[in-house]
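Asker: Data: protein.pdb, PDB, C-alpha atoms.
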```pdb
ATOM      1  CA  MET A 155     -19.473 -37.040   7.931
ATOM      2  CA  SER A 156     -22.056 -36.552   5.198
ATOM      3  CA  GLN A 157     -21.311 -34.409   2.148
ATOM      4  CA  LYS A 158     -23.822 -31.847   3.394
ATOM      5  CA  HIS A 159     -22.131 -31.571   6.783
ATOM      6  CA  GLN A 160     -18.768 -31.376   5.068
ATOM      7  CA  ALA A 161     -19.982 -28.498   2.878
ATOM      8  CA  ILE A 162     -21.364 -26.609   5.894
ATOM      9  CA  LYS A 163     -18.108 -27.077   7.769
ATOM     10  CA  ASP A 164     -16.113 -25.943   4.737
ATOM     11  CA  ALA A 165     -18.283 -22.838   4.347
ATOM     12  CA  ALA A 166     -17.886 -21.960   8.039
ATOM     13  CA  LEU A 167     -14.133 -22.482   7.857
ATOM     14  CA  ILE A 168     -13.837 -20.285   4.765
ATOM     15  CA  ALA A 169     -15.860 -17.537   6.483
ATOM     16  CA  VAL A 170     -13.758 -17.641   9.655
ATOM     17  CA  LEU A 171     -10.423 -17.642   7.837
ATOM     18  CA  ALA A 172     -11.554 -14.861   5.466
ATOM     19  CA  SER A 173     -12.580 -12.816   8.528
ATOM     20  CA  ILE A 174      -9.148 -13.259  10.097
ATOM     21  CA  LEU A 175      -7.547 -12.133   6.840
ATOM     22  CA  PHE A 176      -9.820  -9.084   6.614
ATOM     23  CA  VAL A 177      -9.497  -7.991  10.241
ATOM     24  CA  GLN A 178      -5.696  -8.165  10.386
ATOM     25  CA  GLN A 179      -5.384  -6.149   7.172
ATOM     26  CA  ILE A 180      -7.720  -3.434   8.472
ATOM     27  CA  ALA A 181      -5.996  -3.426  11.870
ATOM     28  CA  LEU A 182      -2.577  -2.944  10.261
ATOM     29  CA  SER A 183      -3.623  -0.599   7.462
ATOM     30  CA  PHE A 184      -2.123   2.419   9.265
ATOM     31  CA  LEU A 185       1.253   0.884   8.421
ATOM     32  CA  PRO A 186       1.763   1.006   4.650
ATOM     33  CA  ASN A 187       2.204  -2.469   3.169
ATOM     34  CA  ILE A 188       2.920  -4.130   6.503
ATOM     35  CA  GLN A 189       0.430  -6.910   7.088
ATOM     36  CA  PHE A 190       0.096 -10.638   7.566
ATOM     37  CA  THR A 191      -1.958 -11.106   4.391
ATOM     38  CA  ALA A 192       0.749 -12.870   2.380
ATOM     39  CA  LEU A 193       1.650 -15.061   5.364
ATOM     40  CA  LEU A 194      -1.977 -16.081   5.915
ATOM     41  CA  ILE A 195      -2.635 -16.808   2.235
ATOM     42  CA  VAL A 196       0.534 -18.921   2.073
ATOM     43  CA  LEU A 197      -0.588 -20.702   5.232
ATOM     44  CA  TYR A 198      -4.122 -21.281   3.954
ATOM     45  CA  SER A 199      -2.775 -22.555   0.621
ATOM     46  CA  ARG A 200      -0.582 -25.097   2.341
ATOM     47  CA  VAL A 201      -3.007 -26.211   5.075
ATOM     48  CA  ILE A 202      -6.565 -26.013   3.747
ATOM     49  CA  GLY A 203      -5.879 -26.395   0.044
ATOM     50  CA  PHE A 204      -6.179 -24.557  -3.237
ATOM     51  CA  LYS A 205      -9.951 -24.276  -3.752
ATOM     52  CA  LYS A 206     -10.815 -23.011  -0.275
ATOM     53  CA  THR A 207      -7.946 -20.510  -0.401
ATOM     54  CA  ILE A 208      -9.211 -19.187  -3.733
ATOM     55  CA  PHE A 209     -12.652 -18.620  -2.152
ATOM     56  CA  ILE A 210     -11.058 -16.870   0.829
ATOM     57  CA  VAL A 211      -9.004 -14.570  -1.396
ATOM     58  CA  VAL A 212     -12.023 -13.619  -3.523
ATOM     59  CA  ILE A 213     -14.107 -12.884  -0.405
ATOM     60  CA  HIS A 214     -11.235 -10.907   1.092
ATOM     61  CA  VAL A 215     -10.699  -8.701  -1.962
ATOM     62  CA  PHE A 216     -14.393  -7.856  -2.220
ATOM     63  CA  ALA A 217     -14.760  -7.359   1.549
ATOM     64  CA  ILE A 218     -11.755  -5.063   1.768
ATOM     65  CA  ASN A 219     -13.097  -2.924  -1.088
ATOM     66  CA  ILE A 220     -16.644  -2.773   0.253
ATOM     67  CA  LEU A 221     -16.104  -2.576   4.005
ATOM     68  CA  SER A 222     -12.725  -0.945   4.548
ATOM     69  CA  PRO A 223     -13.031   2.341   6.494
ATOM     70  CA  PHE A 224     -10.263   3.703   4.235
ATOM     71  CA  GLY A 225     -12.423   3.191   1.148
ATOM     72  CA  PRO A 226     -11.945   0.970  -1.879
ATOM     73  CA  VAL A 227      -9.082   1.031  -4.331
ATOM     74  CA  ILE A 228      -9.866   2.570  -7.719
ATOM     75  CA  PRO A 229     -12.330   0.126  -9.425
ATOM     76  CA  MET A 230      -9.934  -0.438 -12.346
ATOM     77  CA  GLN A 231      -7.325  -1.668  -9.856
ATOM     78  CA  ILE A 232      -9.540  -4.330  -8.257
ATOM     79  CA  PRO A 233      -8.666  -6.970 -10.921
ATOM     80  CA  ALA A 234      -4.946  -6.327 -10.301
ATOM     81  CA  MET A 235      -5.505  -6.678  -6.556
ATOM     82  CA  LEU A 236      -7.509  -9.885  -7.023
ATOM     83  CA  LEU A 237      -4.972 -11.372  -9.410
ATOM     84  CA  GLY A 238      -2.165 -10.356  -7.068
ATOM     85  CA  TRP A 239      -3.513 -12.219  -4.058
ATOM     86  CA  LEU A 240      -4.671 -15.174  -6.201
ATOM     87  CA  LEU A 241      -1.126 -15.549  -7.476
ATOM     88  CA  ILE A 242      -0.015 -16.944  -4.115
ATOM     89  CA  PRO A 243      -2.224 -20.070  -4.113
ATOM     90  CA  ILE A 244      -1.758 -20.454  -7.867
ATOM     91  CA  MET A 245       2.055 -20.308  -7.609
ATOM     92  CA  LEU A 246       2.157 -22.544  -4.540
ATOM     93  CA  HIS A 247       0.163 -25.222  -6.359
ATOM     94  CA  THR A 248       2.084 -25.010  -9.633
ATOM     95  CA  VAL A 249       5.649 -23.709  -9.989
ATOM     96  CA  PHE A 250       6.401 -23.697  -6.259
ATOM     97  CA  LYS A 251       4.520 -26.893  -5.440
ATOM     98  CA  LYS A 252       7.545 -28.364  -3.701
ATOM     99  CA  ALA A 253       8.317 -25.292  -1.585
ATOM    100  CA  GLU A 254       7.452 -26.366   1.958
ATOM    101  CA  SER A 255      10.078 -24.887   4.264
ATOM    102  CA  ALA A 256       9.678 -21.499   5.923
ATOM    103  CA  TRP A 257      12.881 -20.316   4.235
ATOM    104  CA  SER A 258      11.749 -21.102   0.698
ATOM    105  CA  LEU A 259       8.263 -19.697   1.323
ATOM    106  CA  ALA A 260       9.767 -16.553   2.901
ATOM    107  CA  ILE A 261      11.882 -15.988  -0.232
ATOM    108  CA  ILE A 262       8.774 -16.495  -2.398
ATOM    109  CA  GLY A 263       6.949 -13.998  -0.161
ATOM    110  CA  PHE A 264       9.805 -11.524  -0.617
ATOM    111  CA  LEU A 265       9.616 -11.788  -4.419
ATOM    112  CA  PHE A 266       5.832 -11.576  -4.258
ATOM    113  CA  GLY A 267       6.115  -8.151  -2.563
ATOM    114  CA  PHE A 268       7.544  -6.772  -5.810
ATOM    115  CA  ILE A 269       5.311  -8.790  -8.153
ATOM    116  CA  TYR A 270       2.193  -7.544  -6.329
ATOM    117  CA  GLY A 271       3.315  -3.914  -6.797
ATOM    118  CA  TRP A 272       4.132  -4.460 -10.478
ATOM    119  CA  LEU A 273       0.659  -5.870 -11.172
ATOM    120  CA  PHE A 274      -0.733  -2.373 -10.603
ATOM    121  CA  ILE A 275       1.605  -0.821 -13.187
ATOM    122  CA  PRO A 276      -0.418  -1.664 -16.363
ATOM    123  CA  VAL A 277      -3.617  -0.153 -14.952
ATOM    124  CA  SER A 278      -1.729   2.883 -13.673
ATOM    125  CA  ILE A 279      -0.002   3.499 -17.005
ATOM    126  CA  TRP A 280      -2.674   2.620 -19.562
ATOM    127  CA  ILE A 281      -5.860   3.553 -17.770
ATOM    128  CA  LEU A 282      -4.828   6.197 -15.232
ATOM    129  CA  ASP A 283      -2.107   7.607 -17.528
ATOM    130  CA  ILE A 284       0.514   7.825 -14.812
ATOM    131  CA  PRO A 285       4.011   7.917 -16.400
ATOM    132  CA  PHE A 286       5.835   4.609 -15.875
ATOM    133  CA  LEU A 287       8.967   5.972 -14.197
ATOM    134  CA  THR A 288       6.984   8.271 -11.916
ATOM    135  CA  TYR A 289       4.845   5.377 -10.737
ATOM    136  CA  PHE A 290       7.815   3.041 -10.439
ATOM    137  CA  TYR A 291       9.938   5.443  -8.351
ATOM    138  CA  ALA A 292       7.008   6.360  -6.125
ATOM    139  CA  ASP A 293       6.048   2.734  -5.553
ATOM    140  CA  VAL A 294       9.412   1.021  -5.163
ATOM    141  CA  LEU A 295       9.756   1.971  -1.501
ATOM    142  CA  PHE A 296       6.368   0.424  -0.735
ATOM    143  CA  GLU A 297       7.304  -2.703  -2.706
ATOM    144  CA  ILE A 298      10.480  -3.085  -0.639
ATOM    145  CA  ILE A 299       8.495  -2.695   2.575
ATOM    146  CA  MET A 300       5.940  -5.294   1.488
ATOM    147  CA  ALA A 301       8.691  -7.700   0.388
ATOM    148  CA  VAL A 302      10.504  -7.413   3.719
ATOM    149  CA  SER A 303       7.257  -7.637   5.682
ATOM    150  CA  ASN A 304       6.310 -10.821   3.799
ATOM    151  CA  PHE A 305       9.781 -12.308   4.255
ATOM    152  CA  LEU A 306       9.966 -11.721   8.000
ATOM    153  CA  THR A 307       6.397 -12.739   8.834
ATOM    154  CA  ILE A 308       6.624 -15.967   6.831
ATOM    155  CA  LEU A 309      10.101 -16.797   8.128
ATOM    156  CA  TRP A 310       9.103 -16.438  11.786
ATOM    157  CA  LEU A 311       5.414 -17.269  11.914
ATOM    158  CA  TYR A 312       4.733 -19.786   9.148
ATOM    159  CA  GLU A 313       5.847 -22.922  10.993
ATOM    160  CA  PRO A 314       4.174 -22.239  14.378
ATOM    161  CA  LEU A 315       0.958 -21.116  12.664
ATOM    162  CA  LYS A 316       0.980 -24.113  10.338
ATOM    163  CA  LYS A 317       1.281 -26.440  13.319
ATOM    164  CA  LEU A 318      -1.548 -24.625  15.089
ATOM    165  CA  LEU A 319      -3.837 -24.564  12.062
ATOM    166  CA  LEU A 320      -3.205 -28.223  11.203
ATOM    167  CA  ASP A 321      -4.036 -29.150  14.775
ATOM    168  CA  GLN A 322      -7.246 -27.090  14.743
ATOM    169  CA  LYS A 323      -8.173 -28.425  11.312
ATOM    170  CA  SER A 324      -7.892 -32.046  12.400
ATOM    171  CA  LYS A 325     -10.071 -31.334  15.461
ATOM    172  CA  TYR A 326     -12.565 -29.389  13.367
ATOM    173  CA  TYR A 327     -13.029 -32.112  10.776
ATOM    174  CA  MET A 328     -12.943 -34.985  13.268
ATOM    175  CA  THR A 329     -15.981 -37.242  12.734
ATOM    176  CA  ILE A 330     -17.894 -38.234  15.797
ATOM    177  CA  CYS A 331     -19.968 -41.366  15.232
ATOM    178  CA  GLU A 332     -22.778 -41.556  17.710
ATOM    179  CA  PRO A 333     -24.605 -44.856  18.130
ATOM    180  CA  LYS A 334     -28.136 -44.516  16.721
ATOM    181  CA  ASN A 335     -29.936 -47.065  18.838
ATOM    182  CA  GLN A 336     -28.950 -46.347  22.349
ATOM    183  CA  ILE A 337     -30.972 -48.103  24.984
TER     184      ILE A 337
ATOM    185  CA  MET B 291      19.177 -23.501  17.890
ATOM    186  CA  LYS B 292      21.430 -23.014  14.863
ATOM    187  CA  THR B 293      18.385 -22.340  12.654
ATOM    188  CA  THR B 294      17.009 -19.764  15.096
ATOM    189  CA  ALA B 295      20.360 -17.982  15.241
ATOM    190  CA  LEU B 296      20.470 -17.909  11.442
ATOM    191  CA  LYS B 297      16.910 -16.570  11.310
ATOM    192  CA  ILE B 298      17.791 -13.806  13.784
ATOM    193  CA  ALA B 299      20.943 -12.888  11.845
ATOM    194  CA  VAL B 300      19.152 -12.805   8.480
ATOM    195  CA  SER B 301      16.236 -10.812   9.945
ATOM    196  CA  ILE B 302      18.581  -8.197  11.428
ATOM    197  CA  ILE B 303      20.472  -7.873   8.125
ATOM    198  CA  VAL B 304      17.224  -7.549   6.131
ATOM    199  CA  VAL B 305      15.822  -4.912   8.522
ATOM    200  CA  LEU B 306      19.088  -2.923   8.461
ATOM    201  CA  ILE B 307      19.267  -2.951   4.648
ATOM    202  CA  THR B 308      15.609  -1.866   4.482
ATOM    203  CA  ALA B 309      16.186   0.954   6.978
ATOM    204  CA  ILE B 310      19.131   2.216   4.908
ATOM    205  CA  LEU B 311      17.101   2.031   1.667
ATOM    206  CA  VAL B 312      14.116   3.802   3.261
ATOM    207  CA  HIS B 313      16.448   6.510   4.577
ATOM    208  CA  PHE B 314      18.010   7.156   1.163
ATOM    209  CA  LEU B 315      14.739   6.927  -0.753
ATOM    210  CA  SER B 316      13.050   9.344   1.665
ATOM    211  CA  ALA B 317      15.340  12.377   1.412
ATOM    212  CA  SER B 318      13.887  15.423   3.178
ATOM    213  CA  ASN B 319      14.744  17.790   0.287
ATOM    214  CA  GLN B 320      14.932  21.081   2.150
ATOM    215  CA  ALA B 321      16.292  24.181   0.421
ATOM    216  CA  THR B 322      20.046  24.567   0.793
ATOM    217  CA  SER B 323      19.942  28.347   0.209
ATOM    218  CA  ASP B 324      17.476  31.197  -0.339
ATOM    219  CA  GLY B 325      15.880  31.494  -3.772
ATOM    220  CA  THR B 326      12.721  31.793  -5.828
ATOM    221  CA  LEU B 327      10.310  29.362  -7.450
ATOM    222  CA  ARG B 328       7.813  29.832 -10.265
ATOM    223  CA  ILE B 329       4.526  28.321  -9.137
ATOM    224  CA  THR B 330       1.560  27.677 -11.404
ATOM    225  CA  ILE B 331      -1.786  26.589  -9.992
ATOM    226  CA  VAL B 332      -4.472  25.094 -12.238
ATOM    227  CA  ASP B 333      -8.061  24.555 -11.112
ATOM    228  CA  ASP B 334     -10.430  21.679 -11.953
ATOM    229  CA  ASN B 335     -11.535  23.417 -15.183
ATOM    230  CA  GLY B 336      -7.975  23.594 -16.439
ATOM    231  CA  GLN B 337      -7.806  27.355 -15.857
ATOM    232  CA  THR B 338      -4.579  28.802 -14.515
ATOM    233  CA  VAL B 339      -5.568  30.656 -11.350
ATOM    234  CA  PHE B 340      -2.075  31.555 -10.183
ATOM    235  CA  ASN B 341       1.205  31.957 -12.027
ATOM    236  CA  GLY B 342       3.956  33.789 -10.222
ATOM    237  CA  ASP B 343       7.299  33.750  -8.461
ATOM    238  CA  VAL B 344       7.505  33.054  -4.752
ATOM    239  CA  SER B 345      10.541  33.317  -2.506
ATOM    240  CA  TYR B 346      11.867  30.625  -0.245
ATOM    241  CA  LEU B 347      14.417  30.547   2.560
ATOM    242  CA  GLU B 348      17.187  28.155   3.448
ATOM    243  CA  ASN B 349      15.858  24.964   5.131
ATOM    244  CA  ASP B 350      12.341  25.460   3.716
ATOM    245  CA  SER B 351      10.480  22.428   2.454
ATOM    246  CA  PHE B 352       8.138  22.936  -0.495
ATOM    247  CA  TYR B 353       5.255  22.796   1.976
ATOM    248  CA  ASP B 354       6.860  25.668   3.971
ATOM    249  CA  VAL B 355       7.036  27.755   0.781
ATOM    250  CA  LEU B 356       3.355  27.188   0.041
ATOM    251  CA  GLN B 357       2.325  27.792   3.648
ATOM    252  CA  ARG B 358       4.004  31.195   3.621
ATOM    253  CA  GLU B 359       2.321  32.282   0.394
ATOM    254  CA  PHE B 360      -1.137  30.640   0.470
ATOM    255  CA  GLU B 361      -3.899  29.451   2.771
ATOM    256  CA  LEU B 362      -3.619  25.686   2.852
ATOM    257  CA  THR B 363      -5.956  22.840   3.751
ATOM    258  CA  CYS B 364      -4.304  19.548   4.638
ATOM    259  CA  ALA B 365      -5.498  16.023   5.324
ATOM    260  CA  SER B 366      -6.119  14.935   8.878
ATOM    261  CA  SER B 367      -5.141  11.445  10.000
ATOM    262  CA  SER B 368      -8.440  10.176   8.545
ATOM    263  CA  TYR B 369      -7.922  12.116   5.292
ATOM    264  CA  GLN B 370     -10.570  14.697   6.133
ATOM    265  CA  ALA B 371      -9.981  18.384   5.299
ATOM    266  CA  ASP B 372      -8.175  20.191   8.093
ATOM    267  CA  ALA B 373      -7.583  23.934   7.655
ATOM    268  CA  SER B 374      -5.222  24.014  10.637
ATOM    269  CA  CYS B 375      -2.799  21.612   8.902
ATOM    270  CA  SER B 376      -1.830  20.359  12.323
ATOM    271  CA  TYR B 377      -1.453  16.685  11.459
ATOM    272  CA  ASP B 378       1.848  15.289  10.221
ATOM    273  CA  PHE B 379       1.895  11.826   8.714
ATOM    274  CA  GLN B 380       4.702   9.986  10.436
ATOM    275  CA  ASN B 381       4.856   6.707   8.593
ATOM    276  CA  PHE B 382       8.382   5.583   7.836
ATOM    277  CA  ALA B 383       7.406   5.390   4.172
ATOM    278  CA  TYR B 384       5.843   8.850   4.072
ATOM    279  CA  GLU B 385       6.428  11.681   6.485
ATOM    280  CA  GLY B 386       4.866  15.100   6.167
ATOM    281  CA  LYS B 387       1.652  16.780   5.088
ATOM    282  CA  ILE B 388      -0.932  15.806   2.520
ATOM    283  CA  LEU B 389      -2.295  18.870   0.790
ATOM    284  CA  LEU B 390      -5.989  18.900  -0.118
ATOM    285  CA  GLY B 391      -6.654  22.569  -0.741
ATOM    286  CA  ILE B 392      -4.905  25.802  -1.606
ATOM    287  CA  ALA B 393      -6.295  29.331  -1.743
ATOM    288  CA  ASN B 394      -5.490  33.034  -1.638
ATOM    289  CA  ASP B 395      -7.633  36.186  -2.017
ATOM    290  CA  ASP B 396      -8.242  35.469  -5.721
ATOM    291  CA  PHE B 397      -8.890  31.739  -5.924
ATOM    292  CA  SER B 398      -9.764  28.719  -3.844
ATOM    293  CA  ILE B 399      -9.141  25.103  -4.749
ATOM    294  CA  GLN B 400     -10.293  22.152  -2.702
ATOM    295  CA  THR B 401      -9.938  18.414  -3.307
ATOM    296  CA  ASP B 402     -11.230  15.507  -1.231
ATOM    297  CA  TRP B 403      -8.565  12.791  -1.704
ATOM    298  CA  SER B 404     -11.150  10.120  -2.612
ATOM    299  CA  ASN B 405     -12.375  11.634  -5.886
ATOM    300  CA  SER B 406      -9.899  14.409  -6.572
ATOM    301  CA  PHE B 407      -6.379  15.341  -5.528
ATOM    302  CA  LEU B 408      -3.643  17.873  -6.143
ATOM    303  CA  ALA B 409      -0.944  16.760  -8.581
ATOM    304  CA  PHE B 410       2.517  18.329  -8.262
ATOM    305  CA  GLU B 411       4.593  18.558 -11.431
ATOM    306  CA  LEU B 412       8.118  19.795 -11.942
ATOM    307  CA  PHE B 413       9.362  21.452 -15.139
ATOM    308  CA  ASP B 414      12.489  19.826 -16.580
ATOM    309  CA  GLY B 415      13.173  22.461 -19.264
ATOM    310  CA  SER B 416      10.886  20.991 -21.898
ATOM    311  CA  ASP B 417       7.868  19.555 -20.108
ATOM    312  CA  PHE B 418       6.272  19.023 -16.719
ATOM    313  CA  TYR B 419       6.639  15.637 -15.062
ATOM    314  CA  LEU B 420       4.975  14.319 -11.940
ATOM    315  CA  ALA B 421       6.804  14.619  -8.639
ATOM    316  CA  THR B 422       7.590  11.309  -6.987
ATOM    317  CA  GLN B 423       7.462  12.749  -3.455
ATOM    318  CA  GLY B 424       4.728  14.359  -1.391
ATOM    319  CA  VAL B 425       4.366  18.104  -0.812
ATOM    320  CA  SER B 426       6.697  18.104   2.212
ATOM    321  CA  ARG B 427       9.489  16.332   0.358
ATOM    322  CA  ILE B 428       9.444  17.603  -3.212
ATOM    323  CA  GLU B 429      12.963  18.400  -4.375
ATOM    324  CA  PHE B 430      13.455  21.924  -5.684
ATOM    325  CA  SER B 431      16.150  24.492  -6.345
ATOM    326  CA  ASN B 432      16.389  28.144  -7.358
ATOM    327  CA  GLN B 433      14.333  29.182 -10.429
ATOM    328  CA  ASP B 434      12.535  25.814 -10.633
ATOM    329  CA  GLN B 435       8.981  25.749 -11.970
ATOM    330  CA  ILE B 436       6.361  23.695 -10.152
ATOM    331  CA  ARG B 437       2.780  23.250 -11.305
ATOM    332  CA  ILE B 438      -0.039  22.295  -8.932
ATOM    333  CA  SER B 439      -3.225  21.109 -10.586
ATOM    334  CA  VAL B 440      -6.513  19.495  -9.614
ATOM    335  CA  ARG B 441      -6.949  15.956 -10.925
ATOM    336  CA  SER B 442      -9.789  13.519 -10.811
ATOM    337  CA  VAL B 443      -8.899  10.115  -9.356
ATOM    338  CA  SER B 444     -11.046   8.246 -11.869
ATOM    339  CA  GLU B 445      -9.838  10.187 -14.904
ATOM    340  CA  GLY B 446      -6.135   9.725 -14.258
ATOM    341  CA  LEU B 447      -3.235  12.082 -14.321
ATOM    342  CA  SER B 448      -2.729  13.234 -17.878
TER     343      SER B 448
END
```
Mind converting the file's structure to structure tokens?

Answerer:
Amino acid sequence: MSQKHQAIKDAALIAVLASILFVQQIALSFLPNIQFTALLIVLYSRVIGFKKTIFIVVIHVFAINILSPFGPVIPMQIPAMLLGWLLIPIMLHTVFKKAESAWSLAIIGFLFGFIYGWLFIPVSIWILDIPFLTYFYADVLFEIIMAVSNFLTILWLYEPLKKLLLDQKSKYYMTICEPKNQI
Amino acid sequence: MKTTALKIAVSIIVVLITAILVHFLSASNQATSDGTLRITIVDDNGQTVFNGDVSYLENDSFYDVLQREFELTCASSSYQADASCSYDFQNFAYEGKILLGIANDDFSIQTDWSNSFLAFELFDGSDFYLATQGVSRIEFSNQDQIRISVRSVSEGLS
């Protein structure tokens, strides 16, 4: 496959996977902090690699803030949201590079539920002037829900989805060499 | 087989612990006896438009107290203004009403959730601090002071 074809295929793959990420989050947004976003980003990080996952996360954060029927988050919180979701591929390619099993990734997902919530604290305190304890008490329930949601979805769905995505990926990138001079 | 059994066991334990935590962190906070509250309402210009005592009855939520004393506008399921206040949010993480507007014969305050909202603050004897629960679940007791004020989303809470 030429580099050009490879780039087109990569771009199409990024678009499709970003769409899946976007649609599931919108579809589940009536349930606070219950979604497959962490699971999918973990899956993308492990199957399609760091760079493509970074692109997908950036597209997702902008898409969710521009197109969500529930409206964007406060503009000052967008960097926290972006950093939050980028932390998954960054952590999985650095400190947790060796974490491969569903159990270890589920525990990372659980911890991430709290870390993601805490990333919004600086903006809330310093820019929006919300008192720390007020914000912390009000948010802790949602952090617990996100942590548990991440843990359960990764624990149960990571391995079957990884198998499925790896299978689809190998078919997608399979090179077909057609003879040029057929008689 | 052993791994699946372990996954099921761990999942059940995690869900049970979460349910217990959600239950304890989401206390309904209804009044345990009759009493009175001092309510202060501040409009978007910072002017106090209401400052007075209101009575409440046993088993009232703070929303019930306000509903008896004022004309309220709540959020519908899509966060649009709904004067009938017929919609109850039933998420496990938040149950109850979302208040967007409050009025009586002398004043009328309306927020839109996206750009402005109503902040609820409780007086602790020296200063007001933000409530950590919604209007249906704010904890209160006899002689408490609660301030309701209009805030801009972009300008923050202080």

Asker: Taking the file as I've supplied it (selection: the PyMOL selection byres ((chain A) within 10 of (chain B))), which residues are included? Please answer as a compact mmCIF listing (two decimals) with C-alpha atoms, keeping the file's coordinate frame.

Answerer:
```txt
# COMPACT_ATOMS: atom_id res chain seq x y z
CA PHE A 184 -2.12 2.42 9.26
CA LEU A 185 1.25 0.88 8.42
CA PRO A 186 1.76 1.01 4.65
CA ASN A 187 2.20 -2.47 3.17
CA PRO A 223 -13.03 2.34 6.49
CA PHE A 224 -10.26 3.70 4.24
CA GLY A 225 -12.42 3.19 1.15
CA PRO A 226 -11.94 0.97 -1.88
CA VAL A 227 -9.08 1.03 -4.33
CA ILE A 228 -9.87 2.57 -7.72
CA PRO A 229 -12.33 0.13 -9.43
CA MET A 230 -9.93 -0.44 -12.35
CA TRP A 257 12.88 -20.32 4.24
CA SER A 278 -1.73 2.88 -13.67
CA ILE A 279 0.00 3.50 -17.00
CA TRP A 280 -2.67 2.62 -19.56
CA ILE A 281 -5.86 3.55 -17.77
CA LEU A 282 -4.83 6.20 -15.23
CA ASP A 283 -2.11 7.61 -17.53
CA ILE A 284 0.51 7.82 -14.81
CA PRO A 285 4.01 7.92 -16.40
CA LEU A 287 8.97 5.97 -14.20
CA THR A 288 6.98 8.27 -11.92
CA TYR A 289 4.84 5.38 -10.74
CA PHE A 290 7.82 3.04 -10.44
CA TYR A 291 9.94 5.44 -8.35
CA ALA A 292 7.01 6.36 -6.12
CA ASP A 293 6.05 2.73 -5.55
CA VAL A 294 9.41 1.02 -5.16
CA LEU A 295 9.76 1.97 -1.50
CA PHE A 296 6.37 0.42 -0.74
CA ILE A 298 10.48 -3.08 -0.64
CA ILE A 299 8.49 -2.70 2.58
CA ALA A 301 8.69 -7.70 0.39
CA VAL A 302 10.50 -7.41 3.72
CA SER A 303 7.26 -7.64 5.68
CA PHE A 305 9.78 -12.31 4.26
CA LEU A 306 9.97 -11.72 8.00
CA LEU A 309 10.10 -16.80 8.13
CA TRP A 310 9.10 -16.44 11.79
```

Asker: If we count all atoms listed in the file and set the cut-off at 9 Å, which residues sit around Ser439 (chain B), ignoring sequence neighbours fewer than 6 positions away in its own chain? Please answer as number ranges by chain.

Answerer: B: 330-334, 336, 338, 407-411

Asker: Hey, can you spit out that residue selection with C-alpha atoms as a CSV table (one decimal), in the frame of the given file?

Answerer:
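Okay, this is what ended up in part09.csv:
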```
chain,number,residue,atom,x,y,z
B,330,THR,CA,1.6,27.7,-11.4
B,331,ILE,CA,-1.8,26.6,-10.0
B,332,VAL,CA,-4.5,25.1,-12.2
B,333,ASP,CA,-8.1,24.6,-11.1
B,334,ASP,CA,-10.4,21.7,-12.0
B,336,GLY,CA,-8.0,23.6,-16.4
B,338,THR,CA,-4.6,28.8,-14.5
B,407,PHE,CA,-6.4,15.3,-5.5
B,408,LEU,CA,-3.6,17.9,-6.1
B,409,ALA,CA,-0.9,16.8,-8.6
B,410,PHE,CA,2.5,18.3,-8.3
B,411,GLU,CA,4.6,18.6,-11.4
```

Asker: I'd like the contact shell of His214 (chain A) - 12 Å cut-off, all atoms listed in the file, skipping same-chain residues fewer than 6 positions apart - returned as a ChimeraX atom specification.

Answerer: /A:168-180,191,194-195,207-208,220-222,232,235-236,239-240

Asker: Would you please work out which residue, of B:Ala317, B:Ser416, B:Gln370, B:Glu429, is nearest to Trp403 (chain B) when using all atoms listed in the file?

Answerer: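 The closest residue to Trp403 (chain B) is B:Gln370.
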
Asker: Could you tell me which of B:Ala371, B:Ile399, B:Ile303, B:Leu347 comes closest to Lys387 (chain B) if we count all atoms listed in the file?

Answerer: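 Using all atoms listed in the file, the shortest distance to Lys387 (chain B) belongs to B:Ala371.
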
Asker: Please enumerate the residues selected by the PyMOL selection byres ((chain B and resi 398) around 12) when evaluated against the supplied file, formatted as an MDAnalysis selection string.

Answerer: chainID B and resid 331:334 338:340 360:363 390:397 399:401 440

Asker: Smallest atom-to-atom distance to Lys251 (chain A): which of A:Ile162, A:Leu315, A:Ile188, A:Val196, using only C-alpha atoms?

Answerer: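 Selected residue with least distance to Lys251 (chain A): A:Val196.
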
Asker: How far is it from CA of Glu359 (chain B) to CA of Asn341 (chain B), in Å with one decimal?

Answerer: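 For CA of Glu359 (chain B) relative to CA of Asn341 (chain B), the distance reads 12.5 Å.
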
Asker: With distances taken over only C-alpha atoms, which residue among A:Glu254, A:Lys206, A:Asn304, A:Thr248 lies nearest Ala165 (chain A)?

Answerer: A:Lys206

Asker: Could you check how far CA of Leu389 (chain B) sits from CA of Val425 (chain B), in Å to one decimal?

Answerer: 6.9 Å

Asker: Applied to this file, what does the PyMOL selection byres ((chain A and resi 323) around 12) return in terms of residues, put as a tab-separated table (two decimals) with C-alpha atoms, keeping the file's coordinate frame?

Answerer:
```
chain	number	residue	atom	x	y	z
A	163	LYS	CA	-18.11	-27.08	7.77
A	164	ASP	CA	-16.11	-25.94	4.74
A	167	LEU	CA	-14.13	-22.48	7.86
A	168	ILE	CA	-13.84	-20.28	4.76
A	171	LEU	CA	-10.42	-17.64	7.84
A	198	TYR	CA	-4.12	-21.28	3.95
A	201	VAL	CA	-3.01	-26.21	5.08
A	202	ILE	CA	-6.56	-26.01	3.75
A	203	GLY	CA	-5.88	-26.40	0.04
A	315	LEU	CA	0.96	-21.12	12.66
A	316	LYS	CA	0.98	-24.11	10.34
A	317	LYS	CA	1.28	-26.44	13.32
A	318	LEU	CA	-1.55	-24.62	15.09
A	319	LEU	CA	-3.84	-24.56	12.06
A	320	LEU	CA	-3.20	-28.22	11.20
A	321	ASP	CA	-4.04	-29.15	14.78
A	322	GLN	CA	-7.25	-27.09	14.74
A	324	SER	CA	-7.89	-32.05	12.40
A	325	LYS	CA	-10.07	-31.33	15.46
A	326	TYR	CA	-12.56	-29.39	13.37
A	327	TYR	CA	-13.03	-32.11	10.78
A	328	MET	CA	-12.94	-34.98	13.27
A	329	THR	CA	-15.98	-37.24	12.73
```
